Amino acid sequence: MPEAKVTLTVEDLTLAIQNSIEDEMMEEDHAYILAQHILNFFGYSDRIIDNILEPEDRDTFYMLEDTGILTTEREETTLYDGREWRIHYWLFKRERIIELMESVKTKKAAEVADSFYGELPDDIWVRNK
């Protein structure tokens, strides 16, 4: 029996987008709006046809391709008159999205741990006999 694919949520994609930008994380509000915008194209699918994109949207998709969140593929078919026709698609790279989500969760957990231990006095670690 094939394994069921988990639906990609806005929150999932937001986390991945936040962590996809090199050196510093994108603001959560901005990443959330971008995630909603992208998911409006895909819906419940992992693949969309490139023809539906406006130039501004395509630029955003290329940016996400650079981060590894999206990728492209193409299909070639022969038309009835013998000409070749290419169809271009955009696809989610689920493995990369999951990797980026986990990285954000790990960073947030480390920040919480650092803030907790950072508030403890230094002598807390001294063992009394």
# chains A, B, ... in the order shown; residues from 1 in each chain; ligands from 1
$ residues_around --residues "A:Ile87" --least-positions-apart "2" --cutoff "7 Å" --atoms "only C-alpha atoms" --output "VMD selection string"
chain A and resid 74 to 76 85 89
$ write_last_selection --atoms "C-alpha atoms" --output "PDB file, in the first residue's frame"
ATOM      1  CA  ARG A  74       9.576  19.879 -18.359  1.00  0.00           C
ATOM      2  CA  GLU A  75       7.660  17.528 -20.551  1.00  0.00           C
ATOM      3  CA  GLU A  76       7.903  17.287 -24.306  1.00  0.00           C
ATOM      4  CA  TRP A  85       5.910  21.249 -27.647  1.00  0.00           C
ATOM      5  CA  TYR A  89       6.201  22.739 -14.419  1.00  0.00           C
TER       6      TYR A  89
END
$ residues_around --residues "A:Asn40" --least-positions-apart "2" --cutoff "12 Å" --atoms "only C-alpha atoms" --output "CSV table (one decimal) with N, CA, C and O atoms, in the first residue's frame"
chain,number,residue,atom,x,y,z
A,8,LEU,N,1.1,19.8,2.8
A,8,LEU,CA,2.0,20.9,3.2
A,8,LEU,C,1.1,22.1,3.7
A,8,LEU,O,0.3,22.5,2.9
A,9,THR,N,1.3,22.5,4.9
A,9,THR,CA,0.5,23.6,5.4
A,9,THR,C,1.2,24.9,5.3
A,9,THR,O,2.4,25.0,5.0
A,10,VAL,N,0.5,26.0,5.4
A,10,VAL,CA,1.1,27.3,5.4
A,10,VAL,C,2.1,27.5,6.5
A,10,VAL,O,3.2,28.1,6.2
A,33,ILE,N,3.1,35.4,4.6
A,33,ILE,CA,2.4,36.0,3.4
A,33,ILE,C,2.9,35.3,2.1
A,33,ILE,O,2.1,34.9,1.2
A,34,LEU,N,4.2,35.1,2.0
A,34,LEU,CA,4.8,34.5,0.9
A,34,LEU,C,4.4,33.0,0.8
A,34,LEU,O,4.0,32.5,-0.3
A,35,ALA,N,4.3,32.3,1.9
A,35,ALA,CA,3.9,30.9,1.9
A,35,ALA,C,2.4,30.8,1.4
A,35,ALA,O,2.1,29.9,0.6
A,36,GLN,N,1.6,31.7,1.9
A,36,GLN,CA,0.2,31.7,1.5
A,36,GLN,C,0.1,31.9,0.0
A,36,GLN,O,-0.7,31.3,-0.7
A,37,HIS,N,0.8,32.9,-0.5
A,37,HIS,CA,0.8,33.2,-1.9
A,37,HIS,C,1.2,32.0,-2.8
A,37,HIS,O,0.6,31.7,-3.8
A,38,ILE,N,2.3,31.3,-2.4
A,38,ILE,CA,2.8,30.2,-3.1
A,38,ILE,C,1.7,29.1,-3.1
A,38,ILE,O,1.4,28.4,-4.1
A,42,PHE,N,-0.5,26.3,-5.7
A,42,PHE,CA,-0.4,24.8,-5.7
A,42,PHE,C,-1.7,24.1,-5.2
A,42,PHE,O,-2.0,23.0,-5.6
A,43,GLY,N,-2.3,24.7,-4.2
A,43,GLY,CA,-3.5,24.1,-3.6
A,43,GLY,C,-3.0,22.8,-3.0
A,43,GLY,O,-2.1,22.8,-2.2
A,44,TYR,N,-3.6,21.7,-3.3
A,44,TYR,CA,-3.2,20.4,-2.7
A,44,TYR,C,-2.3,19.6,-3.6
A,44,TYR,O,-2.0,18.4,-3.3
A,45,SER,N,-1.8,20.2,-4.6
A,45,SER,CA,-0.9,19.5,-5.6
A,45,SER,C,0.5,19.9,-5.3
A,45,SER,O,0.8,20.8,-4.6
A,46,ASP,N,1.4,19.0,-5.8
A,46,ASP,CA,2.8,19.3,-5.6
A,46,ASP,C,3.4,19.9,-6.9
A,46,ASP,O,4.6,20.1,-7.0
A,48,ILE,N,2.6,22.4,-10.5
A,48,ILE,CA,1.7,23.3,-11.3
A,48,ILE,C,2.4,23.7,-12.6
A,48,ILE,O,3.6,23.5,-12.7
A,52,ILE,N,0.7,29.5,-15.8
A,52,ILE,CA,-0.3,30.3,-15.0
A,52,ILE,C,0.4,31.5,-14.3
A,52,ILE,O,-0.3,32.3,-13.7
A,53,LEU,N,1.7,31.5,-14.3
A,53,LEU,CA,2.4,32.5,-13.5
A,53,LEU,C,2.6,33.8,-14.2
A,53,LEU,O,2.8,33.9,-15.4
A,57,ASP,N,5.4,36.7,-10.2
A,57,ASP,CA,5.3,35.4,-9.5
A,57,ASP,C,6.4,34.5,-9.9
A,57,ASP,O,7.0,33.8,-9.1
$ closest_residue --among "A:Leu79, A:Met26, A:Ile124, A:Leu39" --to "A:Phe92" --atoms "only C-alpha atoms"
A:Leu39
$ select_by_dssp --residues "stretch 24-118 of chain A" --states "helix (DSSP H, G or I)" --output "PyMOL selection string"
chain A and resi 28-42+50-52+55-67+94-118
$ residues_around --residues "stretch 60-62 of chain A" --least-positions-apart "4" --cutoff "10 Å" --atoms "only C-alpha atoms" --output "VMD selection string"
chain A and resid 34 37 to 38 50 53 55 to 56 66 to 72 90 to 91
$ write_last_selection --atoms "N, CA, C and O atoms" --output "compact mmCIF listing (two decimals), in the first residue's frame"
# COMPACT_ATOMS: atom_id res chain seq x y z
N LEU A 34 4.23 35.13 2.03
CA LEU A 34 4.82 34.47 0.86
C LEU A 34 4.36 33.02 0.76
O LEU A 34 4.01 32.54 -0.33
N HIS A 37 0.82 32.89 -0.51
CA HIS A 37 0.81 33.23 -1.94
C HIS A 37 1.21 32.02 -2.78
O HIS A 37 0.55 31.70 -3.78
N ILE A 38 2.27 31.35 -2.38
CA ILE A 38 2.76 30.18 -3.12
C ILE A 38 1.74 29.05 -3.07
O ILE A 38 1.43 28.42 -4.08
N ASP A 50 3.77 26.14 -15.46
CA ASP A 50 4.41 27.45 -15.43
C ASP A 50 3.58 28.53 -16.10
O ASP A 50 3.65 29.70 -15.73
N LEU A 53 1.69 31.52 -14.27
CA LEU A 53 2.40 32.53 -13.49
C LEU A 53 2.55 33.85 -14.24
O LEU A 53 2.81 33.87 -15.44
N PRO A 55 4.87 37.39 -14.50
CA PRO A 55 6.32 37.57 -14.37
C PRO A 55 6.80 37.80 -12.92
O PRO A 55 7.83 37.26 -12.52
N GLU A 56 6.05 38.57 -12.13
CA GLU A 56 6.46 38.82 -10.74
C GLU A 56 6.43 37.52 -9.92
O GLU A 56 7.29 37.29 -9.08
N ASP A 66 16.16 28.84 -6.02
CA ASP A 66 17.53 29.04 -5.55
C ASP A 66 17.74 28.52 -4.13
O ASP A 66 18.83 28.10 -3.77
N THR A 67 16.68 28.57 -3.32
CA THR A 67 16.79 28.10 -1.93
C THR A 67 16.57 26.59 -1.82
O THR A 67 16.77 26.02 -0.75
N GLY A 68 16.10 25.97 -2.90
CA GLY A 68 15.87 24.53 -2.88
C GLY A 68 14.46 24.13 -2.53
O GLY A 68 14.15 22.94 -2.46
N ILE A 69 13.56 25.08 -2.32
CA ILE A 69 12.18 24.78 -1.95
C ILE A 69 11.38 24.32 -3.17
O ILE A 69 10.52 23.45 -3.08
N LEU A 70 11.66 24.92 -4.32
CA LEU A 70 10.98 24.55 -5.56
C LEU A 70 11.99 24.05 -6.58
O LEU A 70 13.17 24.36 -6.49
N THR A 71 11.51 23.32 -7.54
CA THR A 71 12.33 22.88 -8.67
C THR A 71 11.45 22.88 -9.91
O THR A 71 10.23 23.04 -9.81
N THR A 72 12.08 22.74 -11.05
CA THR A 72 11.33 22.72 -12.30
C THR A 72 11.52 21.38 -13.01
O THR A 72 12.48 20.66 -12.75
N TRP A 90 6.41 23.59 -12.18
CA TRP A 90 7.08 23.88 -10.91
C TRP A 90 6.65 22.82 -9.91
O TRP A 90 5.47 22.45 -9.87
N LEU A 91 7.59 22.34 -9.10
CA LEU A 91 7.31 21.30 -8.12
C LEU A 91 7.89 21.67 -6.76
O LEU A 91 8.96 22.28 -6.68
$ closest_residue --among "A:Thr14, A:Phe41, A:Tyr80, A:Met101" --to "A:Glu28" --atoms "only C-alpha atoms"
A:Thr14
$ atom_distance --atom1 "atom CA of A:Ser20" --atom2 "atom CA of A:Asp59"
16.0 Å
$ decode --residues "stretch 23-37 of chain A" --atoms "all heavy atoms" --output "compact mmCIF listing (two decimals), in the first residue's frame"
# COMPACT_ATOMS: atom_id res chain seq x y z
N ASP A 23 22.24 33.32 5.98
CA ASP A 23 22.76 34.22 7.01
C ASP A 23 21.74 34.69 8.04
O ASP A 23 22.06 34.79 9.20
CB ASP A 23 23.45 35.45 6.41
CG ASP A 23 24.65 35.07 5.56
OD1 ASP A 23 25.32 34.07 5.91
OD2 ASP A 23 24.91 35.75 4.57
N GLU A 24 20.53 35.01 7.66
CA GLU A 24 19.55 35.44 8.66
C GLU A 24 18.16 35.01 8.24
O GLU A 24 17.86 34.85 7.07
CB GLU A 24 19.60 36.95 8.88
CG GLU A 24 19.31 37.77 7.65
CD GLU A 24 19.47 39.24 7.92
OE1 GLU A 24 20.60 39.68 8.16
OE2 GLU A 24 18.45 39.95 7.89
N MET A 25 17.30 34.82 9.25
CA MET A 25 15.96 34.35 8.97
C MET A 25 15.07 35.51 8.50
O MET A 25 15.20 36.63 8.95
CB MET A 25 15.35 33.72 10.22
CG MET A 25 15.95 32.37 10.53
SD MET A 25 15.30 31.61 12.02
CE MET A 25 13.56 31.73 11.84
N MET A 26 14.16 35.20 7.60
CA MET A 26 13.18 36.16 7.12
C MET A 26 12.15 36.38 8.23
O MET A 26 11.87 35.47 9.00
CB MET A 26 12.49 35.58 5.87
CG MET A 26 11.44 36.49 5.27
SD MET A 26 10.60 35.73 3.86
CE MET A 26 11.89 35.77 2.63
N GLU A 27 11.63 37.58 8.31
CA GLU A 27 10.59 37.86 9.30
C GLU A 27 9.42 36.91 9.11
O GLU A 27 9.03 36.61 7.98
CB GLU A 27 10.09 39.30 9.15
CG GLU A 27 11.12 40.35 9.53
CD GLU A 27 11.40 40.37 11.01
OE1 GLU A 27 10.46 40.15 11.81
OE2 GLU A 27 12.57 40.59 11.37
N GLU A 28 8.83 36.45 10.21
CA GLU A 28 7.76 35.46 10.14
C GLU A 28 6.55 35.98 9.37
O GLU A 28 5.96 35.24 8.58
CB GLU A 28 7.34 35.03 11.55
CG GLU A 28 6.34 33.90 11.52
CD GLU A 28 6.03 33.34 12.89
OE1 GLU A 28 6.62 33.78 13.88
OE2 GLU A 28 5.16 32.45 12.95
N ASP A 29 6.17 37.24 9.57
CA ASP A 29 5.01 37.79 8.87
C ASP A 29 5.22 37.77 7.35
O ASP A 29 4.32 37.40 6.60
CB ASP A 29 4.73 39.23 9.32
CG ASP A 29 4.26 39.32 10.75
OD1 ASP A 29 3.89 38.28 11.33
OD2 ASP A 29 4.27 40.44 11.30
N HIS A 30 6.40 38.17 6.93
CA HIS A 30 6.70 38.20 5.50
C HIS A 30 6.74 36.78 4.93
O HIS A 30 6.20 36.52 3.85
CB HIS A 30 8.03 38.91 5.25
CG HIS A 30 8.38 39.06 3.82
ND1 HIS A 30 7.69 39.89 2.96
CD2 HIS A 30 9.33 38.46 3.06
CE1 HIS A 30 8.20 39.80 1.75
NE2 HIS A 30 9.20 38.93 1.78
N ALA A 31 7.35 35.86 5.65
CA ALA A 31 7.42 34.46 5.21
C ALA A 31 6.02 33.84 5.14
O ALA A 31 5.72 33.08 4.22
CB ALA A 31 8.32 33.66 6.15
N TYR A 32 5.15 34.20 6.09
CA TYR A 32 3.78 33.66 6.11
C TYR A 32 2.99 34.13 4.89
O TYR A 32 2.32 33.34 4.22
CB TYR A 32 3.08 34.08 7.40
CG TYR A 32 1.72 33.45 7.58
CD1 TYR A 32 1.60 32.19 8.15
CD2 TYR A 32 0.56 34.11 7.18
CE1 TYR A 32 0.35 31.59 8.30
CE2 TYR A 32 -0.69 33.52 7.34
CZ TYR A 32 -0.79 32.26 7.91
OH TYR A 32 -2.02 31.67 8.05
N ILE A 33 3.11 35.41 4.56
CA ILE A 33 2.41 35.97 3.40
C ILE A 33 2.93 35.31 2.12
O ILE A 33 2.15 34.93 1.24
CB ILE A 33 2.58 37.50 3.34
CG1 ILE A 33 1.80 38.15 4.49
CG2 ILE A 33 2.15 38.07 1.99
CD1 ILE A 33 2.12 39.61 4.73
N LEU A 34 4.23 35.13 2.03
CA LEU A 34 4.82 34.47 0.86
C LEU A 34 4.36 33.02 0.76
O LEU A 34 4.01 32.54 -0.33
CB LEU A 34 6.35 34.55 0.94
CG LEU A 34 7.13 33.98 -0.23
CD1 LEU A 34 6.71 34.61 -1.55
CD2 LEU A 34 8.62 34.17 0.00
N ALA A 35 4.31 32.31 1.89
CA ALA A 35 3.86 30.92 1.90
C ALA A 35 2.40 30.82 1.43
O ALA A 35 2.06 29.94 0.64
CB ALA A 35 4.02 30.32 3.30
N GLN A 36 1.55 31.71 1.92
CA GLN A 36 0.15 31.71 1.48
C GLN A 36 0.05 31.95 -0.02
O GLN A 36 -0.72 31.27 -0.71
CB GLN A 36 -0.63 32.82 2.20
CG GLN A 36 -1.10 32.46 3.57
CD GLN A 36 -1.98 33.58 4.13
OE1 GLN A 36 -1.65 34.75 4.04
NE2 GLN A 36 -3.09 33.18 4.72
N HIS A 37 0.82 32.89 -0.51
CA HIS A 37 0.81 33.23 -1.94
C HIS A 37 1.21 32.02 -2.78
O HIS A 37 0.55 31.70 -3.78
CB HIS A 37 1.74 34.41 -2.18
CG HIS A 37 1.73 34.92 -3.58
ND1 HIS A 37 0.65 35.57 -4.13
CD2 HIS A 37 2.67 34.88 -4.55
CE1 HIS A 37 0.91 35.90 -5.38
NE2 HIS A 37 2.15 35.49 -5.66
